[in-house]
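Student: My file is data-v7.cif. It has mmCIF, C-alpha atoms (C1' of nucleotides):
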```
data_query
loop_
_atom_site.group_PDB
_atom_site.id
_atom_site.type_symbol
_atom_site.label_atom_id
_atom_site.label_comp_id
_atom_site.auth_asym_id
_atom_site.auth_seq_id
_atom_site.Cartn_x
_atom_site.Cartn_y
_atom_site.Cartn_z
ATOM 1 C CA MET G 570 -13.910 -27.021 -35.182
ATOM 2 C CA THR G 571 -12.476 -23.711 -34.071
ATOM 3 C CA THR G 572 -8.935 -24.754 -33.314
ATOM 4 C CA LYS G 573 -7.695 -21.310 -32.309
ATOM 5 C CA GLN G 574 -4.201 -22.641 -31.713
ATOM 6 C CA LYS G 575 -2.221 -20.208 -29.574
ATOM 7 C CA ILE G 576 1.513 -20.328 -29.310
ATOM 8 C CA SER G 577 2.147 -17.513 -26.866
ATOM 9 C CA ALA G 578 3.262 -19.950 -24.175
ATOM 10 C CA ARG G 579 5.796 -21.402 -26.571
ATOM 11 C CA LEU G 580 7.226 -17.987 -27.321
ATOM 12 C CA ARG G 581 7.381 -17.015 -23.669
ATOM 13 C CA PHE G 582 9.180 -20.240 -22.873
ATOM 14 C CA SER G 583 11.707 -19.785 -25.650
ATOM 15 C CA LYS G 584 12.449 -16.213 -24.664
ATOM 16 C CA ASN G 585 12.821 -16.998 -20.977
ATOM 17 C CA LEU G 586 14.965 -20.028 -21.683
ATOM 18 C CA ARG G 587 17.414 -17.982 -23.698
ATOM 19 C CA GLU G 588 17.534 -15.300 -21.013
ATOM 20 C CA ALA G 589 18.150 -17.874 -18.298
ATOM 21 C CA ARG G 590 20.923 -19.452 -20.350
ATOM 22 C CA LEU G 591 22.609 -16.110 -21.008
ATOM 23 C CA ARG G 592 22.320 -15.218 -17.343
ATOM 24 C CA ARG G 593 24.475 -18.261 -16.704
ATOM 25 C CA GLU G 594 26.747 -17.146 -19.507
ATOM 26 C CA TRP G 595 26.278 -20.465 -21.213
ATOM 27 C CA SER G 596 26.449 -21.135 -24.909
ATOM 28 C CA GLN G 597 23.746 -23.190 -26.578
ATOM 29 C CA GLU G 598 26.328 -25.941 -26.693
ATOM 30 C CA ASP G 599 26.752 -25.772 -22.929
ATOM 31 C CA LEU G 600 23.028 -26.007 -22.383
ATOM 32 C CA ALA G 601 22.796 -28.854 -24.846
ATOM 33 C CA GLU G 602 25.420 -30.849 -23.007
ATOM 34 C CA GLU G 603 23.913 -30.097 -19.616
ATOM 35 C CA SER G 604 20.415 -31.092 -20.705
ATOM 36 C CA GLY G 605 21.425 -34.060 -22.826
ATOM 37 C CA LEU G 606 19.659 -32.593 -25.844
ATOM 38 C CA HIS G 607 21.202 -31.731 -29.184
ATOM 39 C CA ARG G 608 22.805 -28.358 -29.829
ATOM 40 C CA THR G 609 20.730 -27.495 -32.881
ATOM 41 C CA TYR G 610 17.561 -28.649 -31.157
ATOM 42 C CA VAL G 611 18.147 -26.317 -28.223
ATOM 43 C CA GLY G 612 18.721 -23.514 -30.697
ATOM 44 C CA SER G 613 15.489 -24.114 -32.533
ATOM 45 C CA VAL G 614 13.600 -24.258 -29.238
ATOM 46 C CA GLU G 615 15.039 -20.890 -28.250
ATOM 47 C CA ARG G 616 13.866 -19.514 -31.570
ATOM 48 C CA GLY G 617 10.336 -20.742 -30.799
ATOM 49 C CA GLU G 618 10.331 -23.016 -33.809
ATOM 50 C CA ARG G 619 9.635 -26.233 -31.954
ATOM 51 C CA ASN G 620 6.424 -27.305 -30.289
ATOM 52 C CA ILE G 621 8.355 -28.733 -27.380
ATOM 53 C CA SER G 622 6.949 -31.430 -25.118
ATOM 54 C CA ILE G 623 6.515 -31.113 -21.368
ATOM 55 C CA ASP G 624 9.221 -33.662 -20.599
ATOM 56 C CA ASN G 625 11.833 -31.730 -22.558
ATOM 57 C CA MET G 626 10.638 -28.453 -21.064
ATOM 58 C CA GLU G 627 11.259 -29.876 -17.622
ATOM 59 C CA CYS G 628 14.589 -31.240 -18.762
ATOM 60 C CA LEU G 629 15.748 -27.811 -19.959
ATOM 61 C CA ALA G 630 14.400 -26.059 -16.880
ATOM 62 C CA ASN G 631 16.387 -28.417 -14.662
ATOM 63 C CA ALA G 632 19.514 -27.933 -16.736
ATOM 64 C CA VAL G 633 19.352 -24.170 -16.523
ATOM 65 C CA GLY G 634 18.443 -24.283 -12.839
ATOM 66 C CA VAL G 635 15.115 -22.500 -13.065
ATOM 67 C CA GLU G 636 11.629 -23.604 -12.112
ATOM 68 C CA LEU G 637 9.600 -24.627 -15.136
ATOM 69 C CA ILE G 638 6.862 -22.247 -14.047
ATOM 70 C CA ASP G 639 9.263 -19.318 -14.187
ATOM 71 C CA LEU G 640 10.121 -20.099 -17.789
ATOM 72 C CA LEU G 641 6.458 -19.614 -18.678
ATOM 73 C CA LYS G 642 5.930 -16.150 -17.207
ATOM 74 C CA MET M 958 22.734 -41.921 -22.923
ATOM 75 C CA THR M 959 22.139 -40.635 -19.419
ATOM 76 C CA THR M 960 18.711 -39.264 -20.024
ATOM 77 C CA LYS M 961 17.530 -38.939 -16.440
ATOM 78 C CA GLN M 962 14.112 -38.074 -17.805
ATOM 79 C CA LYS M 963 11.869 -36.568 -15.140
ATOM 80 C CA ILE M 964 8.161 -36.569 -15.580
ATOM 81 C CA SER M 965 7.020 -34.820 -12.426
ATOM 82 C CA ALA M 966 5.827 -31.784 -14.376
ATOM 83 C CA ARG M 967 3.762 -34.059 -16.571
ATOM 84 C CA LEU M 968 2.107 -35.653 -13.561
ATOM 85 C CA ARG M 969 1.399 -32.322 -11.914
ATOM 86 C CA PHE M 970 -0.160 -31.040 -15.104
ATOM 87 C CA SER M 971 -2.360 -34.094 -15.520
ATOM 88 C CA LYS M 972 -3.585 -33.939 -11.942
ATOM 89 C CA ASN M 973 -4.313 -30.225 -12.041
ATOM 90 C CA LEU M 974 -6.022 -30.488 -15.392
ATOM 91 C CA ARG M 975 -8.414 -33.123 -14.116
ATOM 92 C CA GLU M 976 -9.165 -31.080 -11.006
ATOM 93 C CA ALA M 977 -9.819 -27.954 -13.050
ATOM 94 C CA ARG M 978 -12.105 -29.890 -15.368
ATOM 95 C CA LEU M 979 -14.082 -31.404 -12.496
ATOM 96 C CA ARG M 980 -14.356 -28.007 -10.856
ATOM 97 C CA ARG M 981 -16.226 -26.947 -13.970
ATOM 98 C CA GLU M 982 -18.261 -30.135 -13.778
ATOM 99 C CA TRP M 983 -17.185 -31.012 -17.275
ATOM 100 C CA SER M 984 -16.847 -34.484 -18.707
ATOM 101 C CA GLN M 985 -13.719 -35.406 -20.638
ATOM 102 C CA GLU M 986 -15.911 -35.186 -23.707
ATOM 103 C CA ASP M 987 -16.839 -31.603 -22.840
ATOM 104 C CA LEU M 988 -13.199 -30.665 -22.430
ATOM 105 C CA ALA M 989 -12.314 -32.438 -25.648
ATOM 106 C CA GLU M 990 -14.892 -30.495 -27.592
ATOM 107 C CA GLU M 991 -13.940 -27.203 -25.974
ATOM 108 C CA SER M 992 -10.239 -27.698 -26.642
ATOM 109 C CA GLY M 993 -10.565 -29.238 -30.072
ATOM 110 C CA LEU M 994 -8.609 -32.299 -28.994
ATOM 111 C CA HIS M 995 -9.791 -35.858 -29.093
ATOM 112 C CA ARG M 996 -11.759 -37.387 -26.246
ATOM 113 C CA THR M 997 -9.500 -40.392 -25.760
ATOM 114 C CA TYR M 998 -6.434 -38.204 -25.903
ATOM 115 C CA VAL M 999 -7.673 -35.901 -23.156
ATOM 116 C CA GLY M 1000 -8.287 -38.988 -21.039
ATOM 117 C CA SER M 1001 -4.784 -40.314 -21.521
ATOM 118 C CA VAL M 1002 -3.295 -36.890 -20.767
ATOM 119 C CA GLU M 1003 -5.215 -36.769 -17.497
ATOM 120 C CA ARG M 1004 -3.802 -40.179 -16.670
ATOM 121 C CA GLY M 1005 -0.289 -38.804 -17.200
ATOM 122 C CA GLU M 1006 0.391 -41.229 -19.993
ATOM 123 C CA ARG M 1007 1.202 -38.645 -22.675
ATOM 124 C CA ASN M 1008 4.186 -36.379 -23.153
ATOM 125 C CA ILE M 1009 2.020 -33.463 -24.228
ATOM 126 C CA SER M 1010 3.372 -30.559 -26.272
ATOM 127 C CA ILE M 1011 3.337 -26.961 -25.083
ATOM 128 C CA ASP M 1012 0.844 -25.804 -27.708
ATOM 129 C CA ASN M 1013 -1.698 -28.357 -26.572
ATOM 130 C CA MET M 1014 -1.004 -27.600 -22.917
ATOM 131 C CA GLU M 1015 -1.889 -23.998 -23.628
ATOM 132 C CA CYS M 1016 -4.891 -25.119 -25.621
ATOM 133 C CA LEU M 1017 -6.216 -27.174 -22.688
ATOM 134 C CA ALA M 1018 -5.457 -24.438 -20.180
ATOM 135 C CA ASN M 1019 -7.436 -21.971 -22.257
ATOM 136 C CA ALA M 1020 -10.307 -24.399 -22.634
ATOM 137 C CA VAL M 1021 -10.585 -25.015 -18.929
ATOM 138 C CA GLY M 1022 -10.153 -21.323 -18.153
ATOM 139 C CA VAL M 1023 -7.006 -21.601 -16.055
ATOM 140 C CA GLU M 1024 -3.573 -20.087 -16.487
ATOM 141 C CA LEU M 1025 -1.080 -22.592 -17.848
ATOM 142 C CA ILE M 1026 1.242 -21.795 -14.978
ATOM 143 C CA ASP M 1027 -1.411 -22.809 -12.470
ATOM 144 C CA LEU M 1028 -1.707 -26.219 -14.064
ATOM 145 C CA LEU M 1029 1.966 -26.813 -13.313
ATOM 146 C CA LYS M 1030 1.969 -26.072 -9.588
ATOM 147 C "C1'" DG I 790 28.887 -19.948 -31.325
ATOM 148 C "C1'" DT I 791 24.561 -19.884 -33.846
ATOM 149 C "C1'" DG I 792 21.062 -20.467 -37.729
ATOM 150 C "C1'" DT I 793 18.897 -23.273 -41.283
ATOM 151 C "C1'" DG I 794 17.082 -26.962 -44.357
ATOM 152 C "C1'" DA I 795 16.698 -31.422 -44.969
ATOM 153 C "C1'" DC I 796 16.280 -35.663 -43.218
ATOM 154 C "C1'" DT I 797 14.919 -40.247 -40.410
ATOM 155 C "C1'" DT I 798 12.994 -42.182 -36.307
ATOM 156 C "C1'" DC I 799 9.691 -42.193 -32.916
ATOM 157 C "C1'" DT I 800 5.693 -40.755 -30.532
ATOM 158 C "C1'" DA I 801 1.957 -37.451 -30.204
ATOM 159 C "C1'" DG I 802 -2.579 -37.398 -31.457
ATOM 160 C "C1'" DT I 803 -6.870 -39.382 -34.091
ATOM 161 C "C1'" DC I 804 -10.369 -42.651 -34.825
ATOM 162 C "C1'" DC I 805 -12.472 -46.892 -34.463
ATOM 163 C "C1'" DG I 806 -14.083 -50.276 -31.314
ATOM 164 C "C1'" DT I 807 -15.101 -52.909 -26.684
ATOM 165 C "C1'" DA I 808 -15.938 -53.065 -21.840
ATOM 166 C "C1'" DA H 293 -19.010 -41.066 -18.552
ATOM 167 C "C1'" DT H 294 -14.377 -43.244 -18.529
ATOM 168 C "C1'" DA H 295 -10.589 -46.655 -19.665
ATOM 169 C "C1'" DC H 296 -8.260 -49.171 -22.850
ATOM 170 C "C1'" DG H 297 -6.823 -51.469 -27.198
ATOM 171 C "C1'" DG H 298 -5.398 -51.566 -32.196
ATOM 172 C "C1'" DA H 299 -4.416 -49.300 -36.373
ATOM 173 C "C1'" DC H 300 -3.496 -45.393 -38.404
ATOM 174 C "C1'" DT H 301 -1.525 -40.262 -39.670
ATOM 175 C "C1'" DA H 302 0.545 -35.946 -38.223
ATOM 176 C "C1'" DG H 303 4.055 -34.049 -36.198
ATOM 177 C "C1'" DA H 304 7.817 -33.867 -32.392
ATOM 178 C "C1'" DA H 305 12.421 -35.676 -31.440
ATOM 179 C "C1'" DG H 306 16.785 -35.921 -32.773
ATOM 180 C "C1'" DT H 307 20.816 -35.562 -36.109
ATOM 181 C "C1'" DC H 308 23.724 -33.618 -39.776
ATOM 182 C "C1'" DA H 309 26.203 -30.624 -43.293
ATOM 183 C "C1'" DC H 310 26.816 -26.323 -44.289
ATOM 184 C "C1'" DA H 311 26.482 -21.383 -44.015
#
```
Here is a file; write its structure as structure tokens.
Tutor:
Amino acid sequence: MTTKQKISARLRFSKNLREARLRREWSQEDLAEESGLHRTYVGSVERGERNISIDNMECLANAVGVELIDLLK
Amino acid sequence: MTTKQKISARLRFSKNLREARLRREWSQEDLAEESGLHRTYVGSVERGERNISIDNMECLANAVGVELIDLLK
DNA sequence: GTGTGACTTCTAGTCCGTA
DNA sequence: ATACGGACTAGAAGTCACA
């Protein structure tokens, strides 16, 4: 089976999330509190290390006040 | 824990995925083979039952020939 | 304030079957 | 062709101590 697993979406998401957070001048800790997720988890997501699920993507998008779609561009 | 978990993105994705698949006149089995995921899993994703990860979202979007963003509208 | 490794818990994801 | 169930394995979720 040719599982040509791509992770470009993951990297785009992580990059855009960090940018959106910095635009708000929030620390990772701020975003963690706002989203209800853990500080170190948010950090690892921003570094593109985590294969995040759609529910948590939506959760972070809501927290940072950006449409989920825009975090994937 | 006030995890006001939203799952609207998940439901949009599942609906759009099914529509995109049917537009191609593919069975779930076809999509499963094309994406490298399991047949029963694709079915449960289309039913909105699964909290799918971003890598597999991208994988399915590629398989069905649609931009990931468009599956979230 | 952020990065990292290690860790446990929980669910994503597979595979078998039946309807 | 699809839904659904049970049992299983891989891997995401979530936390922590320390740098």
Student: Could you work out an axis-aligned bounding box for all listed atoms of region 575-593 of chain G, with 6 Å added on each of the six sides, and give its centre and edge lengths in Å to one decimal, as lines of an AutoDock Vina configuration file?
Tutor:
```
center_x = 11.1
center_y = -18.3
center_z = -23.1
size_x = 38.7
size_y = 18.2
size_z = 24.9
```
Student: Using the chain letters and numbers from this file, what does the PyMOL selection byres ((chain I) within 9 of (chain M)) select? Give the answer as number ranges by chain.
Tutor: I: 800-804
Student: So how far away is CA of Lys575 (chain G) from CA of Lys972 (chain M), in Å?
Tutor: 22.4 Å
Student: Can you check which residues of chain H have any atom within 9 Å of chain M? Use all atoms listed in the file and format it as a PyMOL selection string.
Tutor: chain H and resi 293-295+304
Student: May I ask which of the residues G:Glu615, G:Glu594, G:Glu603, G:Glu588 is the closest one to chain M, counting only C-alpha atoms?
Tutor: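 Closest candidate: G:Glu603.
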Student: Using only C-alpha atoms and a distance of at most 7 Å, pull out the residues of chain M that contact chain G, as a list in words.
Tutor: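 Per the criterion, chain M yields Thr960, Gln962, Lys963, Ile964, Ala966, Arg967, Gly993, Asn1008, Ile1009, Ser1010, Ile1011, Asp1012, Glu1015, Cys1016, Ile1026 and Leu1029 of chain M.
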Student: Using Å and a single decimal, report how far CA of Arg581 (chain G) sits from CA of Val614 (chain G).
Tutor: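 We find that CA of Val614 (chain G) and CA of Arg581 (chain G) lie 11.1 Å from each other.
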Student: Would you work out the distance separating CA of Glu636 (chain G) from CA of Arg590 (chain G), expressed in Å to one decimal?
Tutor: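 These two atoms are separated by 13.1 Å.
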Student: Between M:Leu979, M:Leu988, M:Asn973, M:Leu968, which one has atoms that come closest to Leu1017 (chain M), using all atoms listed in the file?
Tutor: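 Result for the nearest residue to Leu1017 (chain M): M:Leu988.
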Student: Is it possible to add N, CA, C and O atoms to region 594-617 of chain G and hand it back as an mmCIF file, keeping the file's coordinate frame?
Tutor:
```cif
data_model
loop_
_atom_site.group_PDB
_atom_site.id
_atom_site.type_symbol
_atom_site.label_atom_id
_atom_site.label_comp_id
_atom_site.auth_asym_id
_atom_site.auth_seq_id
_atom_site.Cartn_x
_atom_site.Cartn_y
_atom_site.Cartn_z
ATOM 1 N N GLU G 594 25.628 -17.305 -18.575
ATOM 2 C CA GLU G 594 26.747 -17.146 -19.507
ATOM 3 C C GLU G 594 27.124 -18.469 -20.145
ATOM 4 O O GLU G 594 28.298 -18.816 -20.284
ATOM 5 N N TRP G 595 26.087 -19.198 -20.516
ATOM 6 C CA TRP G 595 26.278 -20.465 -21.213
ATOM 7 C C TRP G 595 26.039 -20.273 -22.700
ATOM 8 O O TRP G 595 25.194 -19.473 -23.103
ATOM 9 N N SER G 596 26.766 -21.047 -23.484
ATOM 10 C CA SER G 596 26.449 -21.135 -24.909
ATOM 11 C C SER G 596 25.339 -22.163 -25.098
ATOM 12 O O SER G 596 25.024 -22.924 -24.178
ATOM 13 N N GLN G 597 24.749 -22.163 -26.282
ATOM 14 C CA GLN G 597 23.746 -23.190 -26.578
ATOM 15 C C GLN G 597 24.369 -24.570 -26.455
ATOM 16 O O GLN G 597 23.718 -25.523 -26.034
ATOM 17 N N GLU G 598 25.620 -24.664 -26.808
ATOM 18 C CA GLU G 598 26.328 -25.941 -26.693
ATOM 19 C C GLU G 598 26.424 -26.385 -25.241
ATOM 20 O O GLU G 598 26.252 -27.564 -24.931
ATOM 21 N N ASP G 599 26.700 -25.443 -24.357
ATOM 22 C CA ASP G 599 26.752 -25.772 -22.929
ATOM 23 C C ASP G 599 25.413 -26.317 -22.451
ATOM 24 O O ASP G 599 25.358 -27.338 -21.768
ATOM 25 N N LEU G 600 24.360 -25.592 -22.809
ATOM 26 C CA LEU G 600 23.028 -26.007 -22.383
ATOM 27 C C LEU G 600 22.658 -27.366 -22.964
ATOM 28 O O LEU G 600 22.042 -28.203 -22.305
ATOM 29 N N ALA G 601 23.068 -27.569 -24.202
ATOM 30 C CA ALA G 601 22.796 -28.854 -24.846
ATOM 31 C C ALA G 601 23.458 -29.990 -24.073
ATOM 32 O O ALA G 601 22.815 -30.998 -23.769
ATOM 33 N N GLU G 602 24.708 -29.792 -23.731
ATOM 34 C CA GLU G 602 25.420 -30.849 -23.007
ATOM 35 C C GLU G 602 24.789 -31.081 -21.644
ATOM 36 O O GLU G 602 24.599 -32.223 -21.223
ATOM 37 N N GLU G 603 24.471 -29.993 -20.972
ATOM 38 C CA GLU G 603 23.913 -30.097 -19.616
ATOM 39 C C GLU G 603 22.551 -30.785 -19.615
ATOM 40 O O GLU G 603 22.212 -31.507 -18.681
ATOM 41 N N SER G 604 21.777 -30.548 -20.657
ATOM 42 C CA SER G 604 20.415 -31.092 -20.705
ATOM 43 C C SER G 604 20.365 -32.448 -21.401
ATOM 44 O O SER G 604 19.371 -33.171 -21.282
ATOM 45 N N GLY G 605 21.418 -32.794 -22.106
ATOM 46 C CA GLY G 605 21.425 -34.060 -22.826
ATOM 47 C C GLY G 605 20.694 -33.989 -24.157
ATOM 48 O O GLY G 605 20.478 -35.001 -24.803
ATOM 49 N N LEU G 606 20.318 -32.768 -24.550
ATOM 50 C CA LEU G 606 19.659 -32.593 -25.844
ATOM 51 C C LEU G 606 20.682 -32.132 -26.879
ATOM 52 O O LEU G 606 21.819 -31.798 -26.530
ATOM 53 N N HIS G 607 20.274 -32.101 -28.117
ATOM 54 C CA HIS G 607 21.202 -31.731 -29.184
ATOM 55 C C HIS G 607 21.318 -30.221 -29.322
ATOM 56 O O HIS G 607 20.362 -29.492 -29.101
ATOM 57 N N ARG G 608 22.510 -29.782 -29.704
ATOM 58 C CA ARG G 608 22.805 -28.358 -29.829
ATOM 59 C C ARG G 608 21.810 -27.632 -30.743
ATOM 60 O O ARG G 608 21.251 -26.598 -30.384
ATOM 61 N N THR G 609 21.601 -28.179 -31.926
ATOM 62 C CA THR G 609 20.730 -27.495 -32.881
ATOM 63 C C THR G 609 19.274 -27.535 -32.427
ATOM 64 O O THR G 609 18.489 -26.654 -32.754
ATOM 65 N N TYR G 610 18.929 -28.564 -31.677
ATOM 66 C CA TYR G 610 17.561 -28.649 -31.157
ATOM 67 C C TYR G 610 17.312 -27.551 -30.134
ATOM 68 O O TYR G 610 16.283 -26.862 -30.179
ATOM 69 N N VAL G 611 18.256 -27.384 -29.215
ATOM 70 C CA VAL G 611 18.147 -26.317 -28.223
ATOM 71 C C VAL G 611 18.005 -24.965 -28.923
ATOM 72 O O VAL G 611 17.173 -24.138 -28.540
ATOM 73 N N GLY G 612 18.789 -24.767 -29.953
ATOM 74 C CA GLY G 612 18.721 -23.514 -30.697
ATOM 75 C C GLY G 612 17.349 -23.271 -31.291
ATOM 76 O O GLY G 612 16.795 -22.177 -31.180
ATOM 77 N N SER G 613 16.799 -24.290 -31.892
ATOM 78 C CA SER G 613 15.489 -24.114 -32.533
ATOM 79 C C SER G 613 14.394 -23.911 -31.504
ATOM 80 O O SER G 613 13.412 -23.219 -31.764
ATOM 81 N N VAL G 614 14.559 -24.505 -30.321
ATOM 82 C CA VAL G 614 13.600 -24.258 -29.238
ATOM 83 C C VAL G 614 13.665 -22.801 -28.809
ATOM 84 O O VAL G 614 12.639 -22.140 -28.648
ATOM 85 N N GLU G 615 14.870 -22.283 -28.669
ATOM 86 C CA GLU G 615 15.039 -20.890 -28.250
ATOM 87 C C GLU G 615 14.463 -19.927 -29.285
ATOM 88 O O GLU G 615 14.088 -18.814 -28.966
ATOM 89 N N ARG G 616 14.439 -20.362 -30.520
ATOM 90 C CA ARG G 616 13.866 -19.514 -31.570
ATOM 91 C C ARG G 616 12.356 -19.680 -31.671
ATOM 92 O O ARG G 616 11.710 -19.039 -32.502
ATOM 93 N N GLY G 617 11.793 -20.545 -30.822
ATOM 94 C CA GLY G 617 10.336 -20.742 -30.799
ATOM 95 C C GLY G 617 9.825 -21.534 -31.974
ATOM 96 O O GLY G 617 8.634 -21.509 -32.282
#
```
